[in-house]
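For reference, the structure is listed below as structure tokens.
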Amino acid sequence: MKKILLMGNPNVGKSAIFSRLTGVHVITSNYPGTTIEYTKGYIKLRDEKAEIIDVPGVYSLSALSKAEEIALRMFEDGDVIINIVDSTNLERNLNLTLQLLKKKKPIVVVLNFWDETKHRGVNIDVKELENFLGVPVVPTCGITGEGIKELVDRLDEAKEGSIFYETDEDRWSIIGRIVGKVQRLTHRHHTFLDRLGEFSVKPLTGIPISIIVIYLTFKIIRFIGETLIGYIFEPLFDKLWLPVVSKISEILLPYKFLHEILIGTLIDGKIDFGLSFGILTTGLFVPVAMVLPYVFAFYLVLSFLEDSGYLPRLAVLFDRVMHLVGLHGVSIIPMLLGLGCNVPGALATRIMENRRERFISAILLAISVPCMAQIAMIVGLVGRYGSSALFYVFGILFLIWLVLGIILNKILKGEAPEIFVEIPPYRIPYFVSLFKKVWMRVKWFLNEAVPFVLLGVFIINILYTFRIIDFVGKFTEPIVTKLFGLPSEAVSALMIGFLRKDVAVGMLAPLNLNLKQLIIASVILAIYFPCAATFAVLIKELGIKDMLEATFIMIITAFFVGGVLNLLL
Amino acid sequence: MIVDITQLQPGEKGMVVDIQGGWGLIRKLDALGIRRGVKIMKISSQFLRGPVIIQVGGTQVAIGFGMAKRIIVDKI
């Protein structure tokens, strides 16, 4: 099958064009380096089916970074290249175009963001540019779909370019000549978004703006999450699902073991979705009614921030803070992603340059960044004691993040590399891509998390039925009760925490813990070990040796923090 | 006047005259269009030796303080 590659700089709207061409759901975003994992789709051209590959965005083909290396490797296997160019930024983008043309492959050049050229005072003579490059040039707008049909129609006109150069200086002087001939700049109007862009990176205005953005982010997530739970999911479970499972419970009552696993324990003779702990009761209620609404709300807000172009600005403002823990500003992105789910966060540590950075960010992520599933459960459980109790839990986690990061930064050899990142202009997100992205992420959560939750609930019931928990509880009692000050039954939650943190937090509910114990248990559950899925990804990303070191650090941290909290609180 | 870009005030412009670094740094900056002979404008700086943002062509780039120290411009 013919392979068509989409190549271009980061932030040129490549993924939007990709989803226009293929209709396949893809992740698009607005910060550099997000498409490290490439996406693939299919397109029908006349009678023939062709493969379309979305290559990671790069600024050049010099193979300096991992992304460039991958892009270069993928380039070698391509049959046709669609080079996507930001038409508001012609000179810089032509740098890559010329490097691609030099390699003598059939190419079509796409001038994306064509609609933006007007108010930015950019006039490009498309015909003249075609003459210079010797390949078809098509203006498009990924968001409205303008020009996409022409692009598809002209794909078979793709040909090798007529430009050649020797040195870097040569290349830039050719680019200079082309730009001088085909582009005319008129007065550009500063838009509201331009001004907002500048305000949000100047410290005096940028820091207050970032505080407002972060505050609003949490407010909106909580509002959407609580509304969905209170008005949709809880009523659905109470009105529709409760009668069904109650019936099943009646039927199963004689079969004690089966009833225990599917329905769980009856509380005052009734099913309690939060406390019963059967597969059909708590097993479904936790992921669907307590966690899913928050996961959806989180990804909605985060995807909006990504696609609008705010995250690189946040990276700049937080650069100094991140340097304290041996990272630079851009590593705030894996941390934020980790708040949704640690797995994509761990995968995103790949955007960092060196091993030291990846190690530090993976450990900090795994230990002190709770995922949305866990946060939702903690909010549900500890939130009953008011906001200050929640503030304790998350404040302690942040302190652990900071102190552990500072220690790691001191003891690990090497220095944090410096931030070097494009600050793209603000763009109003294309809501179709935005919703596609949110949907993909939510679907991923449902596919990955729900089976694990059900498995977790199943295992708990087996462990209880065969009294394995009592057995392990006796062994671990000194640690759990003496060091952490928790009842020995809490060990079951700690065991299940290896599998799913949200279920584990849920298991604390029936234990009647006091506030101090709840805070300690929530914090320990967050820090002592990553969940199974994150652990598997981290082994792949860091390698066994580094992961063993990381595990050691996690266990030490959990013992230390648990002990200290028990003494201090 | 010859200065490095950390010494420019926001809004001030300069022409890049030197990049004090090895091949790697020069290539890295070159890929985003920062090279000898181009005009840049400082957009902002952060407190406590934080990153510097400059505009080059139509692109804004954030550059860590240490790296920014090595980009030498002739102030216009």
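Here's how to read the names in the structure tokens: chain A, B, ... by the order shown, residue numbers from 1 in each chain, ligand numbers from 1 in the order shown.
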Quick one: which chain A residues come within 8 Å of chain B, and what is the nearest atom pair for each with the distance in Å to one decimal, counting only C-alpha atoms, rows ordered by chain and ascending number, as a Markdown table?
```
| residue | atom | partner | partner_atom | distance |
| --- | --- | --- | --- | --- |
| A:Tyr59 | CA | B:Ala31 | CA | 5.3 |
| A:Ser60 | CA | B:Ala31 | CA | 5.6 |
| A:Ser62 | CA | B:Arg27 | CA | 7.9 |
| A:Leu64 | CA | B:Lys28 | CA | 7.6 |
| A:Thr88 | CA | B:Gly58 | CA | 7.0 |
| A:Asn89 | CA | B:Gly58 | CA | 5.2 |
| A:Glu91 | CA | B:Gly57 | CA | 7.4 |
| A:Arg92 | CA | B:Gly33 | CA | 5.7 |
| A:Asn95 | CA | B:Ala31 | CA | 7.5 |
| A:Glu198 | CA | B:Ile43 | CA | 7.4 |
| A:Val201 | CA | B:Ser44 | CA | 6.8 |
| A:Lys202 | CA | B:Ser44 | CA | 5.6 |
| A:Pro203 | CA | B:Gln46 | CA | 5.6 |
| A:Val316 | CA | B:Pro51 | CA | 6.4 |
| A:Leu317 | CA | B:Gln46 | CA | 7.3 |
| A:Asp319 | CA | B:Gly50 | CA | 6.6 |
| A:Arg320 | CA | B:Gly50 | CA | 5.9 |
| A:Glu418 | CA | B:Gly64 | CA | 4.9 |
| A:Ile419 | CA | B:Gly64 | CA | 4.8 |
| A:Phe420 | CA | B:Ile63 | CA | 4.7 |
| A:Val421 | CA | B:Ala62 | CA | 5.3 |
| A:Glu422 | CA | B:Val61 | CA | 4.4 |
| A:Ile423 | CA | B:Gln60 | CA | 5.2 |
| A:Pro424 | CA | B:Gln60 | CA | 6.8 |
```
| said: Need to verify the contact set: Pro136 (chain A), 8 Å, only C-alpha atoms, exclusion of same-chain residues closer than 4 positions in sequence. Can you return it as a list in words? | reply: Ile107, Val108, Val109, Glu130, Arg154, Glu157, Ala158 and Lys159 of chain A
| request: Go through chain B and collect every residue that DSSP, computed from the backbone, puts in strand (DSSP E); the answer should be as a ChimeraX atom specification. | output: /B:2-4,13-19,39-45,52-56,59-63,71-75
For the residues selected in the previous step, produce a file with C-alpha atoms as a short mmCIF file (atom, residue, chain, number, x, y, z; two decimals), in the first residue's frame.
```cif
data_model
loop_
_atom_site.label_atom_id
_atom_site.label_comp_id
_atom_site.auth_asym_id
_atom_site.auth_seq_id
_atom_site.Cartn_x
_atom_site.Cartn_y
_atom_site.Cartn_z
CA ILE B 2 26.73 44.43 21.72
CA VAL B 3 24.75 42.65 24.45
CA ASP B 4 23.33 39.21 25.10
CA LYS B 13 15.31 44.71 19.05
CA GLY B 14 18.68 43.40 17.98
CA MET B 15 20.52 41.66 15.19
CA VAL B 16 22.11 38.33 16.14
CA VAL B 17 25.90 38.62 15.72
CA ASP B 18 27.13 35.54 17.53
CA ILE B 19 26.00 32.33 19.16
CA LYS B 39 16.62 40.37 13.69
CA ILE B 40 14.96 39.44 16.96
CA MET B 41 12.73 41.27 19.39
CA LYS B 42 12.59 40.59 23.10
CA ILE B 43 9.06 39.87 24.30
CA SER B 44 9.52 39.19 28.00
CA SER B 45 11.71 37.89 30.76
CA VAL B 52 13.58 34.78 28.04
CA ILE B 53 11.02 35.00 25.26
CA ILE B 54 12.03 36.46 21.92
CA GLN B 55 10.24 36.92 18.65
CA VAL B 56 12.04 35.88 15.49
CA THR B 59 7.66 32.82 15.89
CA GLN B 60 7.93 33.35 19.62
CA VAL B 61 10.46 31.16 21.40
CA ALA B 62 11.12 30.69 25.11
CA ILE B 63 14.81 30.20 25.87
CA ILE B 71 22.95 34.63 22.11
CA ILE B 72 24.76 37.87 21.36
CA VAL B 73 23.02 40.68 19.53
CA ASP B 74 23.82 44.12 18.25
CA LYS B 75 21.09 46.29 19.76
#
```
Contacts of Pro417 (chain A) at 8 Å or less, counting only C-alpha atoms, minus same-chain residues fewer than 2 places along, as a PDB file with C-alpha atoms, in the first residue's frame?
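What ended up in part_26.pdb:
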```pdb
ATOM      1  CA  LEU A 327      13.492  19.680  35.608  1.00  0.00           C
ATOM      2  CA  HIS A 328      12.584  22.513  33.314  1.00  0.00           C
ATOM      3  CA  GLU A 353      15.732  15.260  26.664  1.00  0.00           C
ATOM      4  CA  GLU A 415      22.003  19.349  35.688  1.00  0.00           C
ATOM      5  CA  ILE A 419      13.868  25.168  28.371  1.00  0.00           C
TER       6      ILE A 419
END
```
Which residues of region 406-453 of chain A have any atom within 12 Å of an atom in region 529-549 of chain A when counting only C-alpha atoms, and what is the closest pair of atoms for each, with the distance in Å to one decimal? Order the rows by chain and rising number and write it as JSON lines.
```
{"residue": "A:Leu408", "atom": "CA", "partner": "A:Glu549", "partner_atom": "CA", "distance": 11.9}
{"residue": "A:Phe445", "atom": "CA", "partner": "A:Ala533", "partner_atom": "CA", "distance": 11.5}
{"residue": "A:Glu448", "atom": "CA", "partner": "A:Ala533", "partner_atom": "CA", "distance": 8.6}
{"residue": "A:Ala449", "atom": "CA", "partner": "A:Ala533", "partner_atom": "CA", "distance": 9.1}
{"residue": "A:Pro451", "atom": "CA", "partner": "A:Ala533", "partner_atom": "CA", "distance": 11.8}
{"residue": "A:Phe452", "atom": "CA", "partner": "A:Ala533", "partner_atom": "CA", "distance": 9.1}
{"residue": "A:Val453", "atom": "CA", "partner": "A:Cys531", "partner_atom": "CA", "distance": 11.3}
```
| Which residue out of A:Pro293, A:Gly326, A:Gly380, A:Pro312 has the minimum interatomic distance to Val442 (chain A) when only C-alpha atoms are used? |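 For Val442 (chain A), the nearest of the given residues is A:Pro293.
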| field | DSSP alpha helix (DSSP H) residues within chain B, as a PyMOL selection string | value | chain B and resi 23-31+65-68
I need the chosen residues saved as a CSV table (one decimal), in the first residue's frame, with N, CA and C atoms.
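Output file again-v2.csv is given in full below:
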```
chain,number,residue,atom,x,y,z
B,23,TRP,N,28.3,23.1,18.1
B,23,TRP,CA,27.5,22.8,16.9
B,23,TRP,C,26.1,22.5,17.3
B,24,GLY,N,25.9,21.7,18.4
B,24,GLY,CA,24.6,21.3,18.8
B,24,GLY,C,23.7,22.5,19.1
B,25,LEU,N,24.2,23.4,19.9
B,25,LEU,CA,23.4,24.6,20.2
B,25,LEU,C,23.0,25.4,18.9
B,26,ILE,N,24.0,25.6,18.1
B,26,ILE,CA,23.8,26.3,16.9
B,26,ILE,C,22.7,25.7,16.0
B,27,ARG,N,22.8,24.4,15.9
B,27,ARG,CA,21.8,23.7,15.1
B,27,ARG,C,20.4,23.8,15.7
B,28,LYS,N,20.3,23.7,17.0
B,28,LYS,CA,19.1,23.7,17.8
B,28,LYS,C,18.4,25.1,17.5
B,29,LEU,N,19.2,26.1,17.7
B,29,LEU,CA,18.6,27.5,17.5
B,29,LEU,C,18.3,27.7,16.0
B,30,ASP,N,19.2,27.2,15.1
B,30,ASP,CA,19.0,27.4,13.7
B,30,ASP,C,17.6,26.8,13.2
B,31,ALA,N,17.2,25.7,13.8
B,31,ALA,CA,16.0,25.1,13.4
B,31,ALA,C,14.8,25.9,13.6
B,65,PHE,N,17.5,30.8,30.6
B,65,PHE,CA,18.4,32.0,30.8
B,65,PHE,C,19.9,31.7,30.4
B,66,GLY,N,20.4,30.5,30.8
B,66,GLY,CA,21.8,30.2,30.4
B,66,GLY,C,22.0,30.2,28.9
B,67,MET,N,21.0,29.6,28.2
B,67,MET,CA,21.2,29.5,26.8
B,67,MET,C,21.0,30.9,26.2
B,68,ALA,N,20.1,31.7,26.8
B,68,ALA,CA,19.9,33.1,26.3
B,68,ALA,C,21.2,33.9,26.4
```
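When only C-alpha atoms are used to compute distances to Leu311 (chain A), the closest of the residues A:Ser200, A:Leu390, A:Asp125, A:Glu160 turns out to be A:Ser200.
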| field | Selection near Ile406 (chain A), 7 Å with only C-alpha atoms, sequence-local residues under 3 positions removed, as a list in words | value |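 Once the nearby chain positions are removed, what remains is Leu324, Val325, Leu402, Val403, Asn409 and Lys410 of chain A.
As for CA of Asp156 (chain A) and CA of Asp79 (chain A), they are spaced 11.2 Å apart.
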| task | Give me the residues within 9 Å of Gly563 (chain A) as a list in words, counting only C-alpha atoms and dropping any in the same chain fewer than 6 places off. | result |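 So the residues in contact are Lys482, Leu483, Phe484 and Gly485 of chain A.
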| task | May I have the residues within 7 Å of region 294-308 of chain A as a PyMOL selection string, using only C-alpha atoms and disregarding those fewer than 2 positions away in the same chain? | result | chain A and resi 29-31+217+221+224-225+291-292+310-311+340+372-373+376+426-429+434+438+442
| message | When you look at Lys181 (chain A) with a cut-off of 9 Å (counting only C-alpha atoms), what residues show up, excluding the ones that are within fewer than 4 positions of it in the same chain? I need them as a ChimeraX atom specification. | response | /A:125,128-129,176-177
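Interatomic distance, CA of Asn342 (chain A) against CA of Ala550 (chain A): 15.1 Å.
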